[in-house]
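Reproduced below: model_33.txt, with compact mmCIF, C-alpha atoms.
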```txt
# COMPACT_ATOMS: atom_id res chain seq x y z
CA MET L 1 24.06 -100.68 42.43
CA GLU L 2 23.04 -97.85 40.15
CA ASP L 3 21.17 -94.99 41.82
CA THR L 4 17.70 -94.88 40.29
CA THR L 5 16.10 -92.31 42.59
CA VAL L 6 14.19 -89.51 40.91
CA LYS L 7 14.24 -85.95 42.19
CA LEU L 8 12.47 -82.99 40.67
CA LEU L 9 13.89 -79.57 41.43
CA GLY L 10 10.91 -77.35 40.89
CA ASN L 11 8.54 -74.69 42.07
CA LYS L 12 4.76 -75.11 42.10
CA GLY L 13 4.34 -71.52 40.90
CA SER L 14 6.17 -72.29 37.66
CA PRO L 15 4.22 -73.73 34.72
CA TYR L 16 7.48 -75.15 33.36
CA SER L 17 8.06 -77.04 36.59
CA HIS L 18 4.41 -78.18 36.45
CA ARG L 19 4.99 -79.76 33.03
CA ALA L 20 7.75 -81.96 34.40
CA GLU L 21 5.75 -82.88 37.49
CA VAL L 22 2.70 -83.94 35.50
CA ALA L 23 4.86 -86.03 33.17
CA LEU L 24 6.22 -87.95 36.17
CA ARG L 25 2.74 -88.44 37.63
CA LEU L 26 1.35 -89.69 34.32
CA LYS L 27 4.05 -92.35 34.31
CA ASP L 28 3.46 -93.22 37.96
CA VAL L 29 7.10 -92.52 38.76
CA LYS L 30 8.03 -92.27 42.41
CA PHE L 31 9.84 -88.98 42.85
CA GLU L 32 10.92 -86.50 45.45
CA PHE L 33 9.82 -82.91 44.83
CA LEU L 34 12.51 -80.50 45.98
CA HIS L 35 11.08 -77.01 46.24
CA GLU L 36 13.34 -74.30 44.83
CA ASP L 37 13.11 -70.76 46.15
CA LEU L 38 13.65 -68.95 42.86
CA ALA L 39 14.92 -65.86 44.66
CA HIS L 40 17.61 -67.93 46.39
CA LYS L 41 18.54 -70.81 44.14
CA SER L 42 20.08 -73.86 45.74
CA ASP L 43 23.63 -75.05 45.10
CA MET L 44 22.08 -78.26 43.80
CA LEU L 45 20.10 -76.40 41.13
CA LEU L 46 23.08 -74.29 40.07
CA ARG L 47 25.25 -77.41 39.92
CA HIS L 48 22.76 -79.38 37.86
CA ASN L 49 21.70 -76.55 35.51
CA PRO L 50 24.68 -74.21 35.28
CA ILE L 51 23.72 -72.99 31.81
CA HIS L 52 20.19 -71.71 32.40
CA LYS L 53 19.98 -71.90 36.22
CA LYS L 54 16.23 -72.57 35.99
CA VAL L 55 13.59 -75.02 37.11
CA PRO L 56 12.60 -77.67 36.38
CA VAL L 57 15.60 -79.94 36.64
CA LEU L 58 14.99 -83.65 36.79
CA VAL L 59 17.74 -85.61 38.52
CA HIS L 60 17.53 -89.31 37.72
CA GLY L 61 20.16 -91.02 39.81
CA GLU L 62 23.13 -88.75 39.16
CA LYS L 63 21.90 -87.55 35.78
CA PRO L 64 20.41 -84.06 35.48
CA ILE L 65 18.01 -83.16 32.70
CA ALA L 66 16.91 -79.57 32.12
CA GLU L 67 14.42 -77.66 29.92
CA SER L 68 10.81 -78.69 30.50
CA LEU L 69 9.97 -80.04 27.03
CA ILE L 70 13.20 -82.05 27.01
CA VAL L 71 12.37 -83.37 30.49
CA ILE L 72 8.94 -84.51 29.27
CA GLU L 73 10.45 -86.42 26.33
CA TYR L 74 13.06 -87.96 28.64
CA VAL L 75 10.41 -89.12 31.10
CA ASP L 76 8.37 -90.55 28.21
CA GLU L 77 11.35 -92.54 26.95
CA ALA L 78 12.98 -93.58 30.22
CA PHE L 79 9.86 -94.87 31.98
CA GLU L 80 7.27 -97.42 30.93
CA GLY L 81 3.54 -96.95 30.84
CA TYR L 82 1.52 -93.97 29.66
CA ASN L 83 2.48 -92.56 26.23
CA ILE L 84 2.97 -88.82 26.45
CA LEU L 85 4.08 -88.52 22.82
CA PRO L 86 2.43 -90.40 19.94
CA SER L 87 4.34 -93.30 18.37
CA ASP L 88 3.89 -92.24 14.73
CA PRO L 89 6.81 -90.03 13.57
CA TYR L 90 4.56 -87.52 11.77
CA GLU L 91 2.26 -87.16 14.79
CA ARG L 92 5.33 -86.75 16.99
CA ALA L 93 6.58 -83.98 14.70
CA MET L 94 3.19 -82.26 14.92
CA ALA L 95 3.20 -82.52 18.71
CA ARG L 96 6.71 -81.03 18.93
CA PHE L 97 5.74 -78.25 16.50
CA TRP L 98 2.70 -77.16 18.52
CA ALA L 99 4.54 -77.43 21.85
CA ARG L 100 7.19 -75.06 20.44
CA PHE L 101 4.47 -72.77 19.06
CA ILE L 102 3.04 -72.42 22.56
CA ASP L 103 6.48 -71.58 23.99
CA ASP L 104 7.65 -69.33 21.16
CA LYS L 105 4.43 -67.52 20.26
CA VAL L 106 1.42 -68.04 22.52
CA ILE L 107 3.07 -67.49 25.89
CA PRO L 108 5.25 -64.45 25.02
CA ALA L 109 2.36 -62.61 23.31
CA PHE L 110 0.02 -63.21 26.26
CA TRP L 111 2.65 -62.34 28.84
CA MET L 112 3.43 -59.04 27.14
CA SER L 113 -0.31 -58.30 26.79
CA CYS L 114 -0.53 -58.43 30.56
CA TRP L 115 2.39 -56.18 31.39
CA THR L 116 2.23 -53.36 28.84
CA ASP L 117 -0.20 -50.55 28.22
CA GLY L 118 -1.37 -48.15 25.53
CA GLU L 119 -0.69 -48.81 21.88
CA ILE L 120 2.03 -51.35 22.66
CA GLN L 121 -0.44 -53.40 24.66
CA LYS L 122 -3.00 -53.21 21.85
CA GLY L 123 -0.41 -54.69 19.52
CA PHE L 124 0.39 -57.56 21.87
CA ILE L 125 -3.28 -58.25 22.49
CA ALA L 126 -3.90 -58.51 18.75
CA GLN L 127 -0.94 -60.86 18.45
CA SER L 128 -2.12 -62.90 21.40
CA LYS L 129 -5.62 -63.26 19.97
CA GLU L 130 -4.16 -64.53 16.70
CA THR L 131 -1.99 -67.14 18.42
CA LEU L 132 -4.85 -68.34 20.64
CA THR L 133 -7.14 -68.65 17.62
CA THR L 134 -4.50 -70.63 15.73
CA LEU L 135 -3.96 -72.92 18.69
CA GLN L 136 -7.68 -73.42 19.35
CA ARG L 137 -8.10 -74.66 15.79
CA GLN L 138 -5.86 -77.61 16.66
CA LEU L 139 -8.43 -78.81 19.17
CA GLU L 140 -11.17 -79.22 16.56
CA GLY L 141 -12.96 -82.52 17.12
CA LYS L 142 -10.66 -83.54 19.98
CA LYS L 143 -11.00 -83.57 23.73
CA PHE L 144 -7.31 -82.84 24.25
CA PHE L 145 -4.47 -81.83 21.92
CA GLY L 146 -3.21 -85.37 22.52
CA GLY L 147 -6.54 -86.88 21.49
CA ASP L 148 -8.52 -88.78 24.11
CA SER L 149 -5.86 -88.30 26.74
CA ILE L 150 -3.37 -85.54 27.50
CA GLY L 151 -0.06 -85.47 25.70
CA LEU L 152 2.97 -83.28 25.05
CA VAL L 153 0.99 -80.32 23.69
CA ASP L 154 -1.50 -80.36 26.57
CA LEU L 155 1.38 -80.31 29.05
CA ALA L 156 3.06 -77.53 27.09
CA GLY L 157 -0.25 -75.65 27.22
CA CYS L 158 -0.60 -75.86 31.00
CA MET L 159 0.19 -72.18 31.37
CA ILE L 160 -2.77 -71.41 29.13
CA ALA L 161 -5.04 -73.79 31.04
CA PHE L 162 -4.27 -72.47 34.50
CA TRP L 163 -1.85 -69.57 34.69
CA PHE L 164 -3.43 -67.35 32.02
CA ALA L 165 -6.59 -66.86 34.09
CA VAL L 166 -4.43 -65.87 37.06
CA LEU L 167 -2.31 -63.43 35.07
CA GLN L 168 -5.20 -61.74 33.34
CA GLU L 169 -7.03 -61.29 36.64
CA VAL L 170 -4.00 -59.57 38.14
CA ALA L 171 -3.32 -57.56 34.99
CA GLY L 172 -6.96 -56.54 34.59
CA ILE L 173 -7.44 -57.82 31.05
CA ASN L 174 -9.95 -60.28 29.65
CA LEU L 175 -8.27 -62.05 26.77
CA LEU L 176 -8.97 -65.74 27.30
CA ASN L 177 -12.68 -65.99 27.92
CA GLU L 178 -15.45 -68.46 27.12
CA GLU L 179 -17.17 -66.17 24.69
CA ASP L 180 -14.15 -65.70 22.45
CA TYR L 181 -12.47 -69.06 23.00
CA PRO L 182 -15.14 -71.60 23.98
CA VAL L 183 -13.17 -74.64 22.82
CA LEU L 184 -9.92 -73.56 24.48
CA CYS L 185 -11.73 -72.76 27.75
CA ARG L 186 -13.49 -76.13 27.74
CA TRP L 187 -10.12 -77.80 27.13
CA ALA L 188 -8.58 -75.83 30.01
CA GLU L 189 -11.22 -77.15 32.41
CA ASP L 190 -10.79 -80.71 31.16
CA TYR L 191 -7.00 -80.44 31.41
CA CYS L 192 -7.12 -79.20 34.99
CA SER L 193 -9.50 -82.03 35.91
CA VAL L 194 -7.03 -84.76 34.96
CA ARG L 195 -5.78 -86.27 38.22
CA ALA L 196 -2.05 -86.02 37.45
CA VAL L 197 -2.64 -82.32 36.74
CA SER L 198 -4.88 -81.40 39.67
CA GLU L 199 -2.44 -83.12 42.05
CA SER L 200 0.33 -80.87 40.74
CA LEU L 201 -1.49 -77.53 40.76
CA LEU L 202 -1.21 -74.89 43.40
CA ASP L 203 -4.34 -73.26 44.83
CA LYS L 204 -5.34 -70.53 42.39
CA ASN L 205 -5.75 -67.91 45.13
CA ILE L 206 -2.17 -68.38 46.26
CA LEU L 207 -0.96 -67.81 42.70
CA VAL L 208 -3.17 -64.72 42.27
CA ALA L 209 -1.89 -63.28 45.52
CA PHE L 210 1.71 -63.96 44.47
CA PHE L 211 1.41 -62.22 41.10
CA ALA L 212 -0.62 -59.38 42.57
CA SER L 213 2.16 -58.69 45.05
CA LYS L 214 4.74 -58.56 42.24
CA LYS L 215 2.59 -56.66 39.76
CA GLU L 216 4.45 -53.35 39.74
CA LYS L 217 7.88 -54.98 39.52
CA ILE L 218 6.80 -57.24 36.66
CA PHE L 219 5.23 -54.29 34.83
CA ALA L 220 8.56 -52.45 35.09
CA THR L 221 10.81 -55.30 33.96
CA LYS L 222 8.40 -57.37 31.83
CA ALA L 223 10.13 -60.38 33.39
CA PRO L 224 9.07 -62.84 36.08
CA VAL L 225 9.98 -61.54 39.54
CA TYR L 226 10.59 -63.85 42.48
CA ASP L 227 11.76 -61.59 45.28
CA MET R 1 -0.71 -81.80 -2.28
CA ALA R 2 -2.36 -84.66 -0.40
CA SER R 3 -1.27 -87.86 -2.09
CA GLU R 4 1.95 -86.78 -3.80
CA LYS R 5 4.60 -89.37 -2.95
CA GLY R 6 8.19 -88.46 -2.23
CA VAL R 7 10.19 -85.89 -0.34
CA THR R 8 10.40 -82.17 -1.11
CA LEU R 9 12.34 -79.52 0.78
CA LEU R 10 11.29 -75.88 0.59
CA ASP R 11 14.38 -73.91 1.48
CA PHE R 12 16.53 -70.80 0.94
CA TRP R 13 20.14 -71.31 -0.06
CA VAL R 14 21.92 -69.46 2.74
CA SER R 15 19.63 -70.47 5.60
CA PRO R 16 21.49 -72.39 8.33
CA PHE R 17 18.13 -73.80 9.42
CA GLY R 18 17.46 -75.15 5.94
CA GLN R 19 20.95 -76.59 5.81
CA ARG R 20 20.23 -78.65 8.91
CA ALA R 21 17.48 -80.42 6.97
CA ARG R 22 19.69 -80.83 3.88
CA ILE R 23 22.51 -82.33 5.92
CA ALA R 24 20.18 -84.75 7.73
CA LEU R 25 18.64 -85.90 4.43
CA ALA R 26 22.09 -86.37 2.91
CA GLU R 27 23.36 -88.34 5.91
CA LYS R 28 20.40 -90.69 5.50
CA GLY R 29 20.81 -90.95 1.74
CA VAL R 30 17.25 -89.75 1.10
CA GLN R 31 16.34 -88.72 -2.46
CA TYR R 32 14.43 -85.47 -2.44
CA GLU R 33 13.42 -82.51 -4.55
CA TYR R 34 14.98 -79.20 -3.49
CA LYS R 35 12.77 -76.17 -4.14
CA GLU R 36 14.51 -72.82 -3.67
CA GLN R 37 12.06 -70.27 -2.26
CA ASN R 38 11.68 -66.57 -2.90
CA LEU R 39 11.29 -65.12 0.58
CA VAL R 40 10.13 -61.74 -0.66
CA GLU R 41 7.32 -63.14 -2.80
CA LYS R 42 6.39 -66.33 -1.01
CA SER R 43 5.00 -69.16 -3.09
CA ASP R 44 1.52 -70.59 -2.63
CA LEU R 45 3.15 -73.89 -1.76
CA LEU R 46 5.16 -72.33 1.07
CA LEU R 47 2.18 -70.41 2.42
CA LYS R 48 0.00 -73.51 2.26
CA SER R 49 2.65 -75.79 3.80
CA ASN R 50 3.61 -73.45 6.64
CA PRO R 51 0.62 -71.19 7.27
CA VAL R 52 1.67 -70.57 10.89
CA TYR R 53 5.16 -69.15 10.32
CA LYS R 54 5.39 -68.83 6.51
CA LYS R 55 9.08 -69.72 6.83
CA ILE R 56 11.56 -72.17 5.45
CA PRO R 57 12.63 -74.90 5.81
CA VAL R 58 9.56 -77.04 5.22
CA LEU R 59 9.91 -80.74 4.57
CA ILE R 60 7.02 -82.23 2.63
CA HIS R 61 6.88 -86.03 2.92
CA ASP R 62 4.20 -87.81 0.88
CA GLY R 63 2.22 -84.59 0.83
CA LYS R 64 2.47 -83.90 4.56
CA PRO R 65 4.46 -80.83 5.68
CA VAL R 66 6.82 -80.72 8.66
CA CYS R 67 8.05 -77.31 9.85
CA GLU R 68 10.75 -75.99 12.21
CA SER R 69 14.27 -77.23 11.48
CA LEU R 70 14.94 -79.27 14.62
CA VAL R 71 11.47 -80.85 14.41
CA ILE R 72 12.34 -81.73 10.80
CA VAL R 73 15.71 -83.23 11.73
CA GLN R 74 14.14 -85.40 14.45
CA TYR R 75 11.43 -86.48 12.00
CA ILE R 76 14.06 -87.45 9.41
CA ASP R 77 15.98 -89.36 12.08
CA GLU R 78 12.86 -91.28 13.16
CA VAL R 79 11.50 -92.08 9.69
CA TRP R 80 14.82 -93.12 8.12
CA SER R 81 16.01 -94.87 11.23
CA ASP R 82 17.84 -97.66 9.39
CA LYS R 83 20.82 -95.52 8.50
CA ALA R 84 23.16 -93.01 10.22
CA PRO R 85 21.28 -92.46 13.51
CA LEU R 86 21.58 -88.82 14.53
CA LEU R 87 20.15 -89.04 18.04
CA PRO R 88 21.60 -91.59 20.48
CA SER R 89 19.36 -94.45 21.58
CA ASP R 90 19.97 -93.93 25.31
CA PRO R 91 17.28 -91.60 26.73
CA TYR R 92 19.74 -89.59 28.83
CA GLN R 93 22.21 -89.12 25.96
CA LYS R 94 19.24 -88.17 23.79
CA ALA R 95 18.14 -85.56 26.34
CA GLN R 96 21.65 -84.11 26.43
CA ALA R 97 21.76 -83.90 22.63
CA ARG R 98 18.36 -82.16 22.59
CA PHE R 99 19.54 -79.75 25.29
CA TRP R 100 22.60 -78.64 23.33
CA ALA R 101 20.76 -78.38 20.02
CA ASP R 102 18.18 -76.26 21.85
CA TYR R 103 21.03 -74.16 23.26
CA VAL R 104 22.37 -73.54 19.75
CA ASP R 105 18.84 -72.61 18.67
CA LYS R 106 18.30 -70.17 21.53
CA LYS R 107 21.68 -68.48 21.33
CA VAL R 108 23.73 -68.60 18.14
CA PHE R 109 21.49 -67.10 15.46
CA ASP R 110 20.11 -64.23 17.55
CA CYS R 111 23.51 -63.27 18.92
CA GLY R 112 25.05 -63.57 15.46
CA THR R 113 22.37 -61.33 13.99
CA ARG R 114 23.00 -58.69 16.63
CA LEU R 115 26.72 -58.98 15.91
CA TRP R 116 26.38 -58.05 12.23
CA LYS R 117 23.39 -55.71 12.50
CA LEU R 118 24.40 -53.49 15.41
CA LYS R 119 27.20 -51.01 15.98
CA GLY R 120 29.21 -49.57 18.84
CA GLU R 121 28.50 -50.73 22.38
CA GLU R 122 25.66 -53.03 21.40
CA GLN R 123 27.87 -54.78 18.88
CA GLU R 124 30.63 -55.14 21.48
CA ALA R 125 28.16 -56.73 23.84
CA ALA R 126 27.02 -59.16 21.12
CA LYS R 127 30.63 -60.04 20.35
CA LYS R 128 31.38 -60.74 24.01
CA GLU R 129 28.28 -62.91 24.22
CA MET R 130 29.20 -64.80 21.02
CA ILE R 131 32.66 -65.59 22.40
CA GLU R 132 31.05 -66.95 25.59
CA ILE R 133 28.61 -69.07 23.58
CA LEU R 134 31.36 -70.49 21.35
CA GLN R 135 33.61 -71.27 24.31
CA LEU R 136 30.76 -73.03 26.11
CA LEU R 137 30.07 -75.13 23.03
CA GLU R 138 33.77 -75.86 22.68
CA ALA R 139 33.88 -77.04 26.30
CA GLN R 140 30.92 -79.32 25.56
CA LEU R 141 32.75 -80.77 22.54
CA GLY R 142 35.81 -81.45 24.68
CA ASP R 143 38.26 -83.77 22.97
CA ASN R 144 35.53 -85.62 21.08
CA LYS R 145 35.62 -85.99 17.34
CA TYR R 146 32.04 -84.75 17.12
CA PHE R 147 29.41 -83.46 19.54
CA GLY R 148 27.86 -86.88 19.02
CA GLY R 149 31.05 -88.54 20.30
CA ASP R 150 32.66 -90.78 17.71
CA THR R 151 29.76 -90.36 15.34
CA PHE R 152 28.34 -87.28 13.62
CA GLY R 153 25.06 -86.57 15.39
CA TYR R 154 22.15 -84.31 16.16
CA VAL R 155 24.09 -81.46 17.79
CA ASP R 156 26.65 -81.52 14.97
CA VAL R 157 23.80 -81.18 12.45
CA ALA R 158 22.23 -78.38 14.51
CA PHE R 159 25.41 -76.33 14.80
CA ILE R 160 27.58 -76.97 11.72
CA PRO R 161 25.58 -74.69 9.35
CA PHE R 162 26.46 -71.71 11.55
CA THR R 163 30.16 -72.28 10.95
CA SER R 164 29.85 -70.88 7.43
CA TRP R 165 28.78 -67.66 9.21
CA PHE R 166 31.96 -67.58 11.32
CA TYR R 167 33.80 -65.43 8.76
CA THR R 168 30.89 -62.95 8.84
CA TYR R 169 30.87 -62.82 12.65
CA GLU R 170 34.68 -62.39 12.71
CA THR R 171 34.71 -59.66 10.09
CA CYS R 172 31.80 -57.68 11.54
CA GLY R 173 32.94 -58.16 15.13
CA ASN R 174 36.66 -57.81 14.41
CA PHE R 175 37.84 -60.90 16.25
CA SER R 176 39.20 -64.36 15.51
CA ILE R 177 37.11 -67.40 16.34
CA GLU R 178 40.14 -69.64 15.95
CA ALA R 179 41.86 -67.63 18.67
CA VAL R 180 38.99 -68.00 21.16
CA ALA R 181 37.72 -71.48 20.24
CA PRO R 182 40.39 -73.39 18.28
CA LYS R 183 38.89 -76.86 18.94
CA LEU R 184 35.59 -75.69 17.48
CA VAL R 185 37.33 -74.56 14.30
CA LYS R 186 39.07 -77.95 14.04
CA TRP R 187 35.72 -79.66 14.55
CA ALA R 188 34.17 -77.56 11.76
CA LYS R 189 37.00 -78.54 9.36
CA ARG R 190 36.47 -82.19 10.29
CA CYS R 191 32.76 -81.95 9.55
CA MET R 192 33.41 -80.23 6.21
CA GLU R 193 35.08 -83.47 5.04
CA ARG R 194 31.70 -85.19 5.13
CA GLU R 195 29.77 -85.40 1.85
CA SER R 196 26.61 -84.15 3.55
CA VAL R 197 28.30 -81.04 4.92
CA LYS R 198 30.28 -80.07 1.81
CA THR R 199 27.05 -78.51 0.56
CA LEU R 200 27.48 -75.69 3.11
CA TYR R 201 27.97 -72.37 1.41
CA ASP R 202 31.34 -70.73 1.01
CA PRO R 203 31.79 -68.29 3.95
CA ASN R 204 32.57 -65.51 1.47
CA LYS R 205 29.19 -65.99 -0.21
CA VAL R 206 27.51 -65.80 3.21
CA TYR R 207 29.40 -62.57 3.96
CA GLU R 208 28.34 -61.14 0.57
CA PHE R 209 24.75 -61.99 1.43
CA VAL R 210 25.01 -60.29 4.84
CA CYS R 211 26.50 -57.18 3.21
CA TYR R 212 23.51 -57.14 0.87
CA LEU R 213 21.17 -57.40 3.87
CA LYS R 214 23.03 -54.62 5.66
CA LYS R 215 22.54 -52.33 2.65
CA LYS R 216 18.91 -53.35 2.43
CA PHE R 217 18.25 -52.57 6.09
CA GLY R 218 20.35 -49.43 5.98
CA VAL R 219 22.95 -50.70 8.44
CA GLU R 220 26.40 -49.34 7.82
```
Please lay out the structure from this file as structure tokens.
Amino acid sequence: MEDTTVKLLGNKGSPYSHRAEVALRLKDVKFEFLHEDLAHKSDMLLRHNPIHKKVPVLVHGEKPIAESLIVIEYVDEAFEGYNILPSDPYERAMARFWARFIDDKVIPAFWMSCWTDGEIQKGFIAQSKETLTTLQRQLEGKKFFGGDSIGLVDLAGCMIAFWFAVLQEVAGINLLNEEDYPVLCRWAEDYCSVRAVSESLLDKNILVAFFASKKEKIFATKAPVYD
Amino acid sequence: MASEKGVTLLDFWVSPFGQRARIALAEKGVQYEYKEQNLVEKSDLLLKSNPVYKKIPVLIHDGKPVCESLVIVQYIDEVWSDKAPLLPSDPYQKAQARFWADYVDKKVFDCGTRLWKLKGEEQEAAKKEMIEILQLLEAQLGDNKYFGGDTFGYVDVAFIPFTSWFYTYETCGNFSIEAVAPKLVKWAKRCMERESVKTLYDPNKVYEFVCYLKKKFGVE
């Protein structure tokens, strides 16, 4: 009989891994979470994602699926129930567009704002503000990017909803705040309150402590540091 | 713009990203209006249709704009689903196709740009990386007719436009793609037999364009 077990190779500290985990929870899929130590990656991870060697990797039976946004779409299509993407092709295109915007523009600008200084940092902060403003506009009149319930863009935005507050605390900047981004901050709270999300999130203090301990290394390399 | 019926594509002739959209539309037999864009003095229509990136391609369908080439190709595949399916119907096969198209997106254009823009050690590094990328893609193709298997599919659409840049990469990097990835070159020739792909620009014209860019950016 075909193996239909679902395993998620992930790490609770990673927003990308979180996206995949929430997708599975939204669909009520029974899965086994296999924690990956990102400083010492398992043979299983390297075997199932030889190209990028990253989390998350979803293993459905014998079939590995990598890249968080691709994993979300796979979960949406392979399992019944909750609709993570809209059914209308134009709305689906919009969702994919904004999910990519978060990955390609919002996250990199914010990340670099945290780990640079001087004039270079000012530049990234300006960029970051612009991307956050653009993104916030998409929430106008809606509870979530997905409408009444969370969808692809909300999942893509998880780093904004939870990790950004952690990073800016460690970095000592105040970019995403209620005064400047009231709608985005309200959305962040609502997103984190969704059960599938809160069940997947790590305690904030643990995350703050982790990034604080790596602060100097990250500042030097501008890249995530795991060891 | 709101209630204008029909399909328009805002594009720039040499753009491999724009060509993805053109190929997808041609595969589906969709009638559309092609509007060549001036990327130095961007039109109001382009700025209004893609305010976020101000880039081509932009597909405008019944007044509604869709941006980002792979988002456009998936949209075309879903709307005109009655003909020439580009993505497989099986969710796992679909995920694999998305993965490899994403890989092409993440790797080929950036590496290619470094290959023709840079000199010396940096260019050597870009060339080495490009060879690795091409060999990985070739391994993925295997002995299949197309990346989509027996049928021309999503990954083929995503990657084929870059093959008209092969001559540029080879000339600037001083290497032969046929020597390092012969199956890929055969695949490209196979694809060029398709009506939808014949619209790809002559590699010499692409090279001329890159030489013009090099002069413009002062790279020599």
Option closest in space to chain R, from L:Ala23, L:Ala78, L:Ile51, L:Leu8 [counting only C-alpha atoms]: L:Ala78
Against chain L, which residues of chain R fall within 8 Å? For each one I want the closest pair of atoms and the distance in Å (one decimal), counting all atoms listed in the file, rows by chain and increasing residue number, as JSON lines.
```
{"residue": "R:Val52", "atom": "CA", "partner": "L:Thr134", "partner_atom": "CA", "distance": 7.8}
{"residue": "R:Val66", "atom": "CA", "partner": "L:Ala93", "partner_atom": "CA", "distance": 6.9}
{"residue": "R:Cys67", "atom": "CA", "partner": "L:Phe97", "partner_atom": "CA", "distance": 7.1}
{"residue": "R:Glu68", "atom": "CA", "partner": "L:Phe97", "partner_atom": "CA", "distance": 7.0}
{"residue": "R:Val71", "atom": "CA", "partner": "L:Ala93", "partner_atom": "CA", "distance": 5.8}
{"residue": "R:Ile72", "atom": "CA", "partner": "L:Ala93", "partner_atom": "CA", "distance": 7.3}
{"residue": "R:Gln74", "atom": "CA", "partner": "L:Ala93", "partner_atom": "CA", "distance": 7.7}
{"residue": "R:Tyr75", "atom": "CA", "partner": "L:Pro89", "partner_atom": "CA", "distance": 6.0}
{"residue": "R:Glu78", "atom": "CA", "partner": "L:Pro89", "partner_atom": "CA", "distance": 6.2}
{"residue": "R:Val79", "atom": "CA", "partner": "L:Pro89", "partner_atom": "CA", "distance": 6.4}
{"residue": "R:Pro91", "atom": "CA", "partner": "L:Ala78", "partner_atom": "CA", "distance": 5.9}
{"residue": "R:Tyr92", "atom": "CA", "partner": "L:Tyr74", "partner_atom": "CA", "distance": 6.9}
{"residue": "R:Lys94", "atom": "CA", "partner": "L:Tyr74", "partner_atom": "CA", "distance": 7.9}
{"residue": "R:Ala95", "atom": "CA", "partner": "L:Tyr74", "partner_atom": "CA", "distance": 6.1}
{"residue": "R:Gln96", "atom": "CA", "partner": "L:Ile65", "partner_atom": "CA", "distance": 7.3}
{"residue": "R:Arg98", "atom": "CA", "partner": "L:Ile70", "partner_atom": "CA", "distance": 6.8}
{"residue": "R:Phe99", "atom": "CA", "partner": "L:Ile70", "partner_atom": "CA", "distance": 7.0}
```
Can I get the selection written as a PDB file, in the frame of the given file, with C-alpha atoms?
```pdb
ATOM      1  CA  VAL R  52       1.670 -70.570  10.890  1.00  0.00           C
ATOM      2  CA  VAL R  66       6.820 -80.720   8.660  1.00  0.00           C
ATOM      3  CA  CYS R  67       8.050 -77.310   9.850  1.00  0.00           C
ATOM      4  CA  GLU R  68      10.750 -75.990  12.210  1.00  0.00           C
ATOM      5  CA  VAL R  71      11.470 -80.850  14.410  1.00  0.00           C
ATOM      6  CA  ILE R  72      12.340 -81.730  10.800  1.00  0.00           C
ATOM      7  CA  GLN R  74      14.140 -85.400  14.450  1.00  0.00           C
ATOM      8  CA  TYR R  75      11.430 -86.480  12.000  1.00  0.00           C
ATOM      9  CA  GLU R  78      12.860 -91.280  13.160  1.00  0.00           C
ATOM     10  CA  VAL R  79      11.500 -92.080   9.690  1.00  0.00           C
ATOM     11  CA  PRO R  91      17.280 -91.600  26.730  1.00  0.00           C
ATOM     12  CA  TYR R  92      19.740 -89.590  28.830  1.00  0.00           C
ATOM     13  CA  LYS R  94      19.240 -88.170  23.790  1.00  0.00           C
ATOM     14  CA  ALA R  95      18.140 -85.560  26.340  1.00  0.00           C
ATOM     15  CA  GLN R  96      21.650 -84.110  26.430  1.00  0.00           C
ATOM     16  CA  ARG R  98      18.360 -82.160  22.590  1.00  0.00           C
ATOM     17  CA  PHE R  99      19.540 -79.750  25.290  1.00  0.00           C
TER      18      PHE R  99
END
```
Distance criterion (all atoms listed in the file): nearest to Asn83 in chain L out of L:Leu26, L:Val183, L:Leu46, L:Val170: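 Comparing L:Leu26, L:Val183, L:Leu46, L:Val170 against Asn83 in chain L, the winner is L:Leu26.
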Ala21 in chain R environment, 12 Å, all atoms listed in the file, sequence neighbours closer than 5 positions dropped, as an MDAnalysis selection string: chainID R and resid 7:13 15:16 26:28 30 32 34 56:60 66:77 154 157:161 196:197 199:200
Expected residue set, 12 Å radius at (6.5, -97.4, 40.3), all atoms listed in the file, as a PyMOL selection string: chain L and resi 4-6+24-31+79-81
Expected residue set, 9 Å radius at (-6.5, -78.2, 32.7), all atoms listed in the file, as an NGL selection string: :L and (154-155 or 157-158 or 160-162 or 186-194 or 197-198)
Keeping only C-alpha atoms, write those residues as a JSON list (two decimals), in the frame of the given file.
```json
[["chain", "number", "residue", "atom", "x", "y", "z"],
["L", 154, "ASP", "CA", -1.50, -80.36, 26.57],
["L", 155, "LEU", "CA", 1.38, -80.31, 29.05],
["L", 157, "GLY", "CA", -0.25, -75.65, 27.22],
["L", 158, "CYS", "CA", -0.60, -75.86, 31.00],
["L", 160, "ILE", "CA", -2.77, -71.41, 29.13],
["L", 161, "ALA", "CA", -5.04, -73.79, 31.04],
["L", 162, "PHE", "CA", -4.27, -72.47, 34.50],
["L", 186, "ARG", "CA", -13.49, -76.13, 27.74],
["L", 187, "TRP", "CA", -10.12, -77.80, 27.13],
["L", 188, "ALA", "CA", -8.58, -75.83, 30.01],
["L", 189, "GLU", "CA", -11.22, -77.15, 32.41],
["L", 190, "ASP", "CA", -10.79, -80.71, 31.16],
["L", 191, "TYR", "CA", -7.00, -80.44, 31.41],
["L", 192, "CYS", "CA", -7.12, -79.20, 34.99],
["L", 193, "SER", "CA", -9.50, -82.03, 35.91],
["L", 194, "VAL", "CA", -7.03, -84.76, 34.96],
["L", 197, "VAL", "CA", -2.64, -82.32, 36.74],
["L", 198, "SER", "CA", -4.88, -81.40, 39.67]]
```
Contacts of range 205-222 of chain L within 12 Å, only C-alpha atoms, excl. fewer than 2 positions in-chain, as a VMD selection string: chain L and resid 11 to 15 108 to 117 121 162 to 172 201 to 203 224 to 227
